[in-house]
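Here's data-v3.txt, which has compact mmCIF, C-alpha atoms and all ligand atoms:
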# COMPACT_ATOMS: atom_id res chain seq x y z
CA MET S 1 -49.25 -37.90 7.70
CA ALA S 2 -45.48 -38.05 7.85
CA SER S 3 -43.98 -37.04 4.58
CA HIS S 4 -41.43 -39.18 2.88
CA PRO S 5 -37.95 -37.67 3.36
CA SER S 6 -37.39 -37.49 -0.38
CA CYS S 7 -40.53 -35.33 -0.69
CA ALA S 8 -39.86 -33.10 2.32
CA VAL S 9 -36.44 -32.06 1.07
CA ARG S 10 -36.65 -30.63 -2.40
CA ARG S 11 -33.39 -31.29 -4.10
CA ARG S 12 -32.04 -28.28 -5.89
CA ALA S 13 -29.98 -28.81 -8.99
CA PRO S 14 -26.37 -27.86 -8.26
CA PRO S 15 -25.53 -24.40 -9.64
CA PRO S 16 -23.78 -24.51 -13.00
CA GLU S 17 -20.07 -24.47 -12.39
CA VAL S 18 -18.49 -21.20 -13.44
CA THR S 19 -14.88 -21.42 -14.34
CA TYR S 20 -12.92 -18.19 -14.42
CA ASP S 21 -9.71 -17.36 -16.22
CA VAL S 22 -8.29 -15.86 -13.06
CA ILE S 23 -9.46 -15.47 -9.46
CA VAL S 24 -7.91 -12.68 -7.40
CA LEU S 25 -7.72 -13.39 -3.68
CA GLY S 26 -7.68 -10.21 -1.59
CA LEU S 27 -8.83 -6.90 -3.09
CA GLY S 28 -6.70 -4.26 -1.39
CA ALA S 29 -4.10 -2.15 -3.18
CA TYR S 30 -2.62 -4.96 -5.25
CA GLY S 31 -5.69 -7.12 -5.69
CA SER S 32 -7.97 -4.30 -6.89
CA ALA S 33 -5.26 -3.20 -9.34
CA ALA S 34 -4.78 -6.75 -10.64
CA LEU S 35 -8.54 -7.33 -10.96
CA TYR S 36 -8.96 -4.13 -12.96
CA GLN S 37 -6.05 -4.92 -15.29
CA LEU S 38 -7.28 -8.48 -15.85
CA ALA S 39 -10.82 -7.32 -16.59
CA LYS S 40 -9.48 -4.64 -18.93
CA ARG S 41 -7.73 -7.33 -20.91
CA GLY S 42 -11.00 -9.20 -21.31
CA ALA S 43 -10.34 -12.02 -18.85
CA ARG S 44 -13.22 -13.67 -16.97
CA VAL S 45 -12.28 -12.66 -13.45
CA LEU S 46 -13.56 -13.07 -9.94
CA GLY S 47 -12.21 -11.13 -6.97
CA ILE S 48 -12.81 -12.29 -3.40
CA ASP S 49 -12.19 -10.41 -0.15
CA ARG S 50 -12.96 -11.32 3.46
CA PHE S 51 -13.91 -7.68 4.17
CA ALA S 52 -15.48 -5.03 1.92
CA PRO S 53 -12.62 -3.02 0.37
CA PRO S 54 -11.72 -0.30 0.88
CA HIS S 55 -11.66 -1.06 4.60
CA GLU S 56 -9.56 -0.24 7.67
CA MET S 57 -8.34 -3.70 8.65
CA GLY S 58 -5.37 -4.12 6.31
CA SER S 59 -2.74 -1.85 4.79
CA THR S 60 -4.72 0.36 2.42
CA HIS S 61 -6.50 3.12 4.31
CA GLY S 62 -5.83 6.42 6.06
CA GLU S 63 -6.68 8.94 3.28
CA THR S 64 -3.24 9.34 1.70
CA ARG S 65 -0.09 7.57 0.55
CA ILE S 66 3.13 9.22 -0.57
CA THR S 67 4.23 8.74 -4.14
CA ARG S 68 7.74 9.69 -5.26
CA LEU S 69 9.62 9.02 -8.47
CA ALA S 70 13.11 8.62 -7.02
CA ASN S 71 13.01 5.87 -4.45
CA GLY S 72 15.68 5.39 -1.83
CA GLU S 73 14.62 1.75 -1.50
CA ASN S 74 15.38 0.47 -5.03
CA ALA S 75 16.31 2.20 -8.31
CA LEU S 76 13.97 -0.15 -10.19
CA PHE S 77 10.97 1.46 -8.56
CA THR S 78 11.05 4.64 -10.66
CA GLY S 79 9.68 2.73 -13.67
CA PHE S 80 6.84 1.34 -11.58
CA VAL S 81 5.95 4.77 -10.25
CA ARG S 82 5.99 6.41 -13.67
CA ARG S 83 3.66 3.73 -15.02
CA SER S 84 1.44 3.93 -11.94
CA HIS S 85 1.05 7.67 -12.38
CA GLU S 86 -0.03 7.11 -16.00
CA ILE S 87 -2.59 4.52 -14.93
CA TRP S 88 -3.96 6.74 -12.18
CA ARG S 89 -4.36 9.59 -14.66
CA GLU S 90 -6.20 7.23 -17.04
CA ILE S 91 -8.52 6.10 -14.24
CA GLU S 92 -9.14 9.70 -13.20
CA ALA S 93 -10.12 10.55 -16.79
CA GLU S 94 -12.44 7.56 -16.93
CA THR S 95 -14.11 7.93 -13.54
CA GLY S 96 -13.86 11.64 -12.73
CA GLU S 97 -12.29 10.72 -9.36
CA SER S 98 -9.33 12.65 -7.95
CA LEU S 99 -6.65 10.07 -7.12
CA LEU S 100 -3.20 11.62 -7.54
CA THR S 101 -2.05 15.07 -6.38
CA GLN S 102 1.51 16.05 -7.29
CA CYS S 103 2.15 18.83 -4.80
CA GLY S 104 5.91 18.31 -4.46
CA GLY S 105 7.76 16.51 -1.73
CA LEU S 106 10.73 17.17 0.52
CA VAL S 107 13.07 14.60 2.08
CA ILE S 108 15.09 16.08 4.95
CA SER S 109 18.16 14.47 6.42
CA GLY S 110 21.43 15.41 8.03
CA ALA S 111 24.66 14.07 9.43
CA SER S 112 23.18 13.81 12.93
CA LYS S 113 20.20 11.73 11.81
CA ALA S 114 19.61 8.73 14.01
CA SER S 115 16.53 7.43 12.26
CA VAL S 116 16.70 5.09 9.30
CA HIS S 117 13.82 4.08 7.00
CA VAL S 118 16.24 2.05 4.89
CA GLU S 119 20.03 2.31 5.00
CA GLY S 120 21.31 5.21 2.87
CA PHE S 121 17.78 6.39 2.04
CA PHE S 122 18.63 10.06 1.41
CA GLU S 123 21.77 9.39 -0.62
CA ASN S 124 20.08 6.60 -2.60
CA THR S 125 17.18 8.90 -3.41
CA ILE S 126 19.51 11.49 -4.93
CA ALA S 127 21.48 8.82 -6.82
CA ASN S 128 18.28 7.29 -8.19
CA ALA S 129 16.93 10.68 -9.22
CA ARG S 130 20.14 11.35 -11.15
CA ALA S 131 20.21 7.89 -12.72
CA ASN S 132 16.55 8.05 -13.78
CA GLY S 133 16.32 11.67 -14.91
CA VAL S 134 13.95 12.69 -12.11
CA ALA S 135 13.71 16.49 -11.72
CA HIS S 136 14.85 17.56 -8.26
CA GLU S 137 16.60 20.25 -6.26
CA LEU S 138 19.02 19.93 -3.38
CA LEU S 139 18.39 22.43 -0.59
CA SER S 140 20.53 23.62 2.31
CA ALA S 141 19.04 24.25 5.76
CA SER S 142 18.75 27.95 4.99
CA ASP S 143 17.10 27.22 1.62
CA ILE S 144 14.53 25.05 3.43
CA ARG S 145 13.88 27.75 6.03
CA ALA S 146 13.37 30.39 3.33
CA ARG S 147 11.11 28.26 1.17
CA PHE S 148 9.28 26.11 3.71
CA PRO S 149 9.35 27.92 7.06
CA GLN S 150 6.84 25.34 8.37
CA PHE S 151 9.83 23.02 9.04
CA ALA S 152 12.16 23.91 11.95
CA VAL S 153 15.32 22.45 10.43
CA ARG S 154 18.67 22.59 12.19
CA ASP S 155 21.95 23.80 10.73
CA GLY S 156 23.55 20.94 8.82
CA GLU S 157 20.28 19.41 7.70
CA ARG S 158 19.61 19.31 3.97
CA GLY S 159 16.74 18.64 1.66
CA TYR S 160 15.90 16.77 -1.53
CA PHE S 161 12.90 18.40 -3.22
CA GLU S 162 11.07 16.54 -5.98
CA PRO S 163 8.32 18.58 -7.69
CA GLU S 164 6.52 15.48 -9.04
CA MET S 165 6.24 13.90 -5.61
CA GLY S 166 2.79 13.93 -4.09
CA PHE S 167 0.07 11.84 -2.59
CA VAL S 168 -2.47 9.28 -3.73
CA ARG S 169 -5.84 8.53 -2.13
CA PRO S 170 -5.78 4.79 -1.39
CA GLU S 171 -9.47 4.23 -0.64
CA ALA S 172 -10.55 6.09 -3.79
CA CYS S 173 -8.03 4.10 -5.88
CA VAL S 174 -9.34 0.75 -4.61
CA ARG S 175 -12.96 1.82 -5.09
CA ALA S 176 -12.32 3.12 -8.60
CA GLN S 177 -10.47 0.02 -9.76
CA LEU S 178 -13.08 -2.36 -8.34
CA GLY S 179 -15.82 -0.26 -9.97
CA LEU S 180 -14.06 -0.32 -13.33
CA ALA S 181 -13.42 -4.05 -13.06
CA ARG S 182 -17.14 -4.64 -12.37
CA GLY S 183 -18.06 -2.42 -15.32
CA LEU S 184 -15.88 -4.63 -17.53
CA GLY S 185 -17.70 -7.76 -16.41
CA GLY S 186 -15.51 -8.72 -13.45
CA GLU S 187 -17.25 -10.27 -10.44
CA VAL S 188 -16.52 -9.16 -6.90
CA ARG S 189 -17.45 -11.09 -3.77
CA THR S 190 -16.89 -9.37 -0.44
CA GLY S 191 -17.38 -10.62 3.10
CA GLU S 192 -16.16 -14.01 1.89
CA ARG S 193 -13.06 -15.60 3.30
CA VAL S 194 -10.73 -17.82 1.30
CA THR S 195 -9.84 -20.88 3.36
CA ALA S 196 -7.85 -23.03 0.92
CA ILE S 197 -6.26 -23.05 -2.51
CA ARG S 198 -5.93 -26.35 -4.31
CA SER S 199 -3.93 -27.05 -7.42
CA ARG S 200 -5.63 -29.19 -10.06
CA ALA S 201 -4.26 -30.62 -13.28
CA ASP S 202 -6.07 -27.96 -15.32
CA GLY S 203 -6.11 -25.02 -12.94
CA VAL S 204 -6.84 -24.05 -9.37
CA GLU S 205 -9.72 -24.54 -6.98
CA ILE S 206 -10.44 -21.81 -4.46
CA VAL S 207 -12.35 -22.80 -1.34
CA THR S 208 -14.08 -20.10 0.70
CA ASP S 209 -16.42 -20.09 3.67
CA ARG S 210 -19.26 -19.87 1.11
CA GLY S 211 -18.30 -22.04 -1.81
CA THR S 212 -15.73 -23.42 -4.19
CA TYR S 213 -14.60 -21.74 -7.40
CA ARG S 214 -12.41 -22.89 -10.25
CA ALA S 215 -10.05 -20.94 -12.46
CA GLY S 216 -7.10 -21.36 -14.75
CA LYS S 217 -4.94 -19.22 -12.45
CA ALA S 218 -5.09 -17.47 -9.11
CA VAL S 219 -3.48 -14.20 -8.06
CA MET S 220 -2.95 -14.10 -4.33
CA THR S 221 -2.78 -10.56 -2.89
CA LEU S 222 -3.67 -11.19 0.73
CA GLY S 223 -1.43 -8.54 2.33
CA ALA S 224 -0.71 -9.20 5.98
CA TRP S 225 -2.77 -12.41 5.91
CA LEU S 226 -0.69 -14.23 3.30
CA PRO S 227 1.03 -16.54 5.84
CA GLU S 228 -2.37 -17.55 7.18
CA LEU S 229 -3.19 -19.26 3.89
CA CYS S 230 0.37 -20.16 2.97
CA PRO S 231 2.30 -20.99 6.14
CA GLN S 232 5.57 -21.25 4.17
CA PHE S 233 5.57 -17.43 4.20
CA ALA S 234 5.51 -17.20 7.99
CA PRO S 235 9.32 -17.21 8.41
CA LEU S 236 9.76 -14.69 5.57
CA LEU S 237 7.24 -12.00 6.39
CA LYS S 238 6.64 -9.92 9.47
CA VAL S 239 3.65 -7.71 10.13
CA TYR S 240 4.16 -4.43 12.01
CA ARG S 241 1.34 -2.37 13.44
CA GLN S 242 1.76 1.35 12.64
CA VAL S 243 -0.01 4.43 13.97
CA LEU S 244 -1.25 7.36 11.88
CA THR S 245 -2.24 10.66 13.52
CA TRP S 246 -3.87 13.91 12.42
CA PHE S 247 -2.95 17.04 14.41
CA ALA S 248 -4.77 20.38 14.32
CA VAL S 249 -2.85 23.30 12.82
CA ASP S 250 -2.47 26.38 15.03
CA GLY S 251 -2.76 29.69 13.22
CA ASP S 252 -2.39 29.98 9.45
CA GLU S 253 -3.78 26.75 8.04
CA ALA S 254 -3.30 28.02 4.46
CA ALA S 255 0.46 27.55 4.89
CA PHE S 256 -0.16 23.83 5.41
CA ARG S 257 -2.40 23.23 2.40
CA PRO S 258 -1.21 21.53 -0.83
CA GLY S 259 0.72 24.03 -2.91
CA HIS S 260 2.26 25.52 0.23
CA LEU S 261 3.36 22.49 2.23
CA PRO S 262 4.99 19.62 0.35
CA ILE S 263 4.82 15.98 1.34
CA PHE S 264 7.67 15.43 3.76
CA ILE S 265 9.88 12.58 4.92
CA TRP S 266 12.25 13.59 7.69
CA GLU S 267 15.12 11.52 9.04
CA LEU S 268 15.07 13.35 12.36
CA PRO S 269 18.24 14.44 14.10
CA ASP S 270 18.99 12.76 17.42
CA SER S 271 15.92 10.56 17.35
CA HIS S 272 15.56 6.93 16.47
CA ASP S 273 12.23 7.77 14.81
CA GLY S 274 11.70 9.54 11.53
CA ILE S 275 8.46 11.27 10.59
CA TYR S 276 6.56 11.71 7.36
CA GLY S 277 3.49 13.74 6.63
CA PHE S 278 1.04 15.32 4.26
CA PRO S 279 -0.50 18.74 3.74
CA VAL S 280 -3.89 19.53 5.28
CA LEU S 281 -6.50 18.28 2.78
CA SER S 282 -9.66 19.94 4.08
CA PRO S 283 -10.33 22.92 6.36
CA GLY S 284 -9.93 21.78 9.97
CA GLY S 285 -8.98 18.28 8.82
CA GLY S 286 -5.55 18.42 10.44
CA LEU S 287 -2.08 17.54 9.26
CA LYS S 288 -1.48 13.81 8.93
CA VAL S 289 1.86 12.79 10.37
CA ALA S 290 3.30 9.41 11.28
CA THR S 291 6.40 7.50 12.14
CA GLU S 292 7.13 3.82 11.51
CA GLN S 293 8.39 0.94 13.61
CA PHE S 294 10.01 -2.36 12.67
CA ILE S 295 10.49 -3.67 16.23
CA ASP S 296 7.28 -5.32 17.44
CA ASP S 297 5.66 -7.68 14.97
CA VAL S 298 2.14 -8.99 15.39
CA ALA S 299 -0.39 -11.42 13.91
CA PRO S 300 -2.81 -9.31 11.82
CA ASP S 301 -5.96 -10.45 13.60
CA ALA S 302 -4.33 -9.84 17.00
CA ALA S 303 -3.21 -6.27 16.23
CA ILE S 304 -4.68 -3.75 18.68
CA ARG S 305 -6.74 -1.36 16.59
CA GLU S 306 -7.13 1.39 19.20
CA VAL S 307 -4.40 4.02 19.56
CA SER S 308 -3.39 4.71 23.16
CA ALA S 309 -2.89 8.13 24.78
CA ASP S 310 0.79 7.23 25.24
CA GLU S 311 1.19 6.61 21.52
CA ILE S 312 -0.39 9.98 20.73
CA ASP S 313 1.88 11.67 23.29
CA ALA S 314 4.93 10.07 21.70
CA MET S 315 3.87 11.47 18.31
CA ARG S 316 3.21 14.88 19.86
CA ARG S 317 6.79 14.90 21.18
CA LEU S 318 8.14 14.20 17.68
CA VAL S 319 5.95 16.82 16.01
CA ALA S 320 6.25 19.79 18.38
CA PRO S 321 9.94 20.67 17.91
CA HIS S 322 9.93 20.11 14.16
CA LEU S 323 6.61 21.56 12.97
CA PRO S 324 6.02 24.56 15.25
CA GLY S 325 2.80 25.62 13.49
CA VAL S 326 1.16 22.30 14.30
CA GLY S 327 -0.72 22.22 17.58
CA ALA S 328 -0.99 19.66 20.38
CA LEU S 329 -4.57 18.65 19.60
CA CYS S 330 -4.77 15.21 18.00
CA LEU S 331 -7.94 15.09 15.90
CA LYS S 332 -7.77 11.47 14.83
CA ALA S 333 -5.53 8.41 15.09
CA VAL S 334 -5.77 5.03 13.34
CA THR S 335 -3.64 1.94 12.98
CA CYS S 336 -2.48 0.21 9.83
CA LEU S 337 -0.35 -2.87 9.04
CA TYR S 338 3.01 -3.05 7.25
CA THR S 339 3.97 -6.45 5.89
CA ALA S 340 7.73 -6.58 5.48
CA THR S 341 10.43 -8.85 4.10
CA PRO S 342 13.85 -8.78 5.78
CA ASP S 343 15.28 -6.82 2.81
CA ARG S 344 12.29 -4.38 2.71
CA GLN S 345 11.62 -5.29 -0.92
CA PHE S 346 8.56 -7.00 -2.42
CA VAL S 347 7.44 -10.52 -3.21
CA ILE S 348 6.12 -10.97 -6.78
CA ASP S 349 6.42 -14.55 -7.97
CA ARG S 350 4.73 -17.84 -8.70
CA LEU S 351 4.11 -20.05 -5.71
CA PRO S 352 6.77 -22.78 -5.53
CA GLY S 353 5.10 -26.10 -6.33
CA ALA S 354 1.92 -24.38 -7.58
CA GLU S 355 2.90 -22.56 -10.76
CA ARG S 356 -0.66 -21.44 -11.50
CA VAL S 357 -0.75 -19.41 -8.32
CA ILE S 358 0.86 -15.97 -8.51
CA VAL S 359 1.64 -14.12 -5.33
CA ALA S 360 2.30 -10.43 -4.66
CA SER S 361 2.71 -9.00 -1.22
CA ALA S 362 5.01 -7.64 1.44
CA CYS S 363 5.11 -4.13 0.17
CA SER S 364 7.04 -3.25 3.29
CA GLY S 365 5.42 0.09 3.94
CA HIS S 366 6.15 1.62 0.56
CA GLY S 367 4.13 -0.43 -1.89
CA PHE S 368 1.06 1.63 -2.63
CA LYS S 369 2.69 3.97 -5.13
CA HIS S 370 3.61 0.97 -7.30
CA SER S 371 0.31 -0.86 -7.08
CA PRO S 372 -1.28 -0.02 -10.49
CA ALA S 373 1.92 -0.93 -12.35
CA ILE S 374 2.28 -4.13 -10.36
CA GLY S 375 -1.39 -4.93 -11.06
CA GLU S 376 -0.51 -4.75 -14.75
CA ILE S 377 2.51 -7.03 -14.23
CA LEU S 378 0.35 -9.54 -12.32
CA ALA S 379 -2.18 -9.56 -15.16
CA GLY S 380 0.64 -10.30 -17.61
CA MET S 381 1.97 -13.10 -15.41
CA ALA S 382 -1.50 -14.66 -15.27
CA LEU S 383 -2.56 -14.20 -18.90
CA ASP S 384 0.73 -14.31 -20.83
CA ASP S 385 2.82 -16.47 -18.49
CA THR S 386 5.42 -13.69 -18.29
CA ASP S 387 7.94 -13.72 -15.49
CA GLY S 388 7.68 -11.28 -12.61
CA PRO S 389 10.48 -8.79 -11.94
CA ALA S 390 13.62 -10.79 -11.06
CA PRO S 391 14.59 -8.81 -7.92
CA PHE S 392 11.31 -9.71 -6.25
CA ARG S 393 11.41 -13.48 -6.63
CA LEU S 394 10.97 -15.59 -3.57
CA GLY S 395 14.25 -17.46 -4.05
CA ARG S 396 16.26 -14.49 -2.80
CA LEU S 397 14.71 -14.84 0.67
CA GLY S 398 16.08 -18.36 1.10
C1 LIG B 401 0.67 3.21 7.86
C2 LIG B 401 1.05 2.89 6.45
C3 LIG B 401 1.61 3.89 5.68
C4 LIG B 401 2.01 3.60 4.37
N1 LIG B 401 2.50 4.61 3.61
C5 LIG B 401 2.80 4.38 2.32
C6 LIG B 401 3.18 5.46 1.48
O1 LIG B 401 3.21 6.63 1.91
N2 LIG B 401 3.45 5.19 0.18
C7 LIG B 401 3.38 3.93 -0.33
O2 LIG B 401 3.66 3.75 -1.51
N3 LIG B 401 3.01 2.88 0.45
C8 LIG B 401 2.71 3.09 1.74
N4 LIG B 401 2.30 2.07 2.55
C9 LIG B 401 2.28 0.70 2.00
C10 LIG B 401 1.05 0.39 1.19
O3 LIG B 401 -0.08 1.06 1.67
C11 LIG B 401 0.89 -1.12 1.21
O4 LIG B 401 2.08 -1.68 0.72
C12 LIG B 401 -0.26 -1.59 0.34
O5 LIG B 401 -1.42 -0.86 0.62
C13 LIG B 401 -0.46 -3.08 0.60
O6 LIG B 401 -1.49 -3.56 -0.22
P1 LIG B 401 -1.88 -5.11 -0.26
O7 LIG B 401 -2.80 -5.23 -1.41
O8 LIG B 401 -0.66 -5.94 -0.21
O9 LIG B 401 -2.61 -5.38 1.14
P2 LIG B 401 -4.10 -4.99 1.57
O10 LIG B 401 -4.50 -3.72 0.93
O11 LIG B 401 -4.16 -5.08 3.04
O12 LIG B 401 -4.99 -6.11 0.90
C14 LIG B 401 -5.06 -7.42 1.33
C15 LIG B 401 -6.50 -7.86 1.20
O13 LIG B 401 -6.61 -9.26 1.35
C16 LIG B 401 -7.81 -9.53 2.03
N5 LIG B 401 -7.73 -10.86 2.63
C17 LIG B 401 -6.82 -11.31 3.53
N6 LIG B 401 -7.02 -12.59 3.84
C18 LIG B 401 -8.08 -12.99 3.10
C19 LIG B 401 -8.77 -14.24 2.97
N7 LIG B 401 -8.40 -15.32 3.66
N8 LIG B 401 -9.81 -14.28 2.13
C20 LIG B 401 -10.20 -13.20 1.40
N9 LIG B 401 -9.58 -12.01 1.50
C21 LIG B 401 -8.53 -11.90 2.34
C22 LIG B 401 -7.90 -8.42 3.06
O14 LIG B 401 -9.21 -8.24 3.54
C23 LIG B 401 -7.38 -7.23 2.27
O15 LIG B 401 -8.45 -6.49 1.69
C24 LIG B 401 1.87 2.30 3.85
C25 LIG B 401 1.29 1.31 4.63
C26 LIG B 401 0.87 1.58 5.91
C27 LIG B 401 0.25 0.50 6.74
Show me, as structure tokens, the structure contained in the file I just sent.
Amino acid sequence: MASHPSCAVRRRAPPPEVTYDVIVLGLGAYGSAALYQLAKRGARVLGIDRFAPPHEMGSTHGETRITRLANGENALFTGFVRRSHEIWREIEAETGESLLTQCGGLVISGASKASVHVEGFFENTIANARANGVAHELLSASDIRARFPQFAVRDGERGYFEPEMGFVRPEACVRAQLGLARGLGGEVRTGERVTAIRSRADGVEIVTDRGTYRAGKAVMTLGAWLPELCPQFAPLLKVYRQVLTWFAVDGDEAAFRPGHLPIFIWELPDSHDGIYGFPVLSPGGGLKVATEQFIDDVAPDAAIREVSADEIDAMRRLVAPHLPGVGALCLKAVTCLYTATPDRQFVIDRLPGAERVIVASACSGHGFKHSPAIGEILAGMALDDTDGPAPFRLGRLG
């Protein structure tokens, strides 16, 4: 007997509609920080990510990120870094995780430098250290050779050494903040892609490939994918694929461990490329060293994830003359995405025409160190309607 259609299909009652105070879209560096800060303040929060953070598809992976108090990019950043360090120490105390290691850091530059991270980086760093009371020492080439013989500096090069500089572990930071947010009642949905954001009279509606959610506000921290959801960002932001490499140390590895080798940023002489790197974190783990490029931009989903032999060779050629104790054997290489504005600063603002949507992105290759402090600012913008920092408003980009 054929069943009546209304009997064959049992109608389920629609799930009760949950309305959140805030939904965070994208749970990388900024999104995980914002989710944690919102949950800590008692907000009903939902975080959604298309992957399962921490993951290797965006901008927040590769074991380490440099953190430095005096920033050559913007004097304002010192306040963010100081606050971020406090938050990381609080999270460490709460979770028992090791997130921040302040092993000292050295910026090397010289008159013959041809590489530029941002214009006037070395001089700005010193000026910002002086203006913000950041402890530091200025070193001559012979000082550097005596103290850090791992670096083959040339005559005329000089160094800025900051003892509080160090590195942060990005994957552990994301994991810890998402874990804490969950513990405070926050919900996290991973493997779910946001496809649209709609403004409503009383809030926002977030549409994903699995459902629709409502909230009073949304915080959009989509990293390199921001223009995909908000095409108005496409002319303002460019995404640059970067390569990270780990090279084996020849000989005395102890000299390259934290406490012996500082973090380094080197505006290389006679080379368009600069390098930066980290001490060896585990026996045989290799020294992580990288350069950066702002020439070829790419759509994030089209970025080639493999690293070619030519790219590793190019890195080898930069490393060999400057770090003689580092060998030719490349142990590992991965890619990562920078999202950059033309002025290499950030975007932290409300979305024009959609005031309930707050956006933070484009950390232009130097945003991780600020992420906990910016998470706190984003929580304030969502819950207290505070303004974001004026220098990072969208209006400046035209
Ligand atoms: C090679 C490299 C080296 C760097 N070095 C440093 C450094 O030494 N010091 C420093 O301070 N900073 C550094 N940075 C910069 C810093 O790591 C980034 O600024 C920061 O991690 C960016 O975080 P984010 O939250 O904006 O992006 P991400 O961490 O990439 O997060 C964006 C998230 O949004 C999710 N998402 C995207 N689209 C959707 C969608 N439609 N639906 C749901 N989810 C979505 C993604 O899956 C992702 O998880 C470096 C960056 C790179 C790439």
Q | Shortest interatomic distance to Thr212 of chain S - which of S:Cys336, S:Val153, S:Ile23, S:Ile91, counting only C-alpha atoms | A | S:Ile23
Q: Within 7 Å of Asn71 of chain S, counting all atoms listed in the file, which residues show up once you throw out same-chain ones fewer than 4 positions away? Write them as a list in words, please.
A: Ala75, Phe77, Thr78, Thr125 and Asn128 of chain S
(Q) Using all atoms listed in the file, which residues have at least one atom no more than 6 Å from ligand LIG 401 (chain B)? Output them as a ChimeraX atom specification. (A) /S:25-31,48-51,53,58-60,65-67,193-195,221-223,225,242,336-338,361,363-369
(Q) Need the shell around Glu119 of chain S: protein/DNA/RNA residues with any atom at most 12 Å away, counting all atoms listed in the file. Skip same-chain ones fewer than 2 positions apart. Format as number ranges by chain? (A) S: 72-74, 113-117, 121-125, 267, 343-344
**Q.** Contacts of Ile374 of chain S within 9 Å, all atoms listed in the file, excl. fewer than 2 positions in-chain, as a list in words
**A.** Tyr30, Ala33, Ala34, Phe80, Ser84, Ile348, Ala360, His370, Ser371, Pro372, Glu376, Ile377, Leu378 and Ala379 of chain S
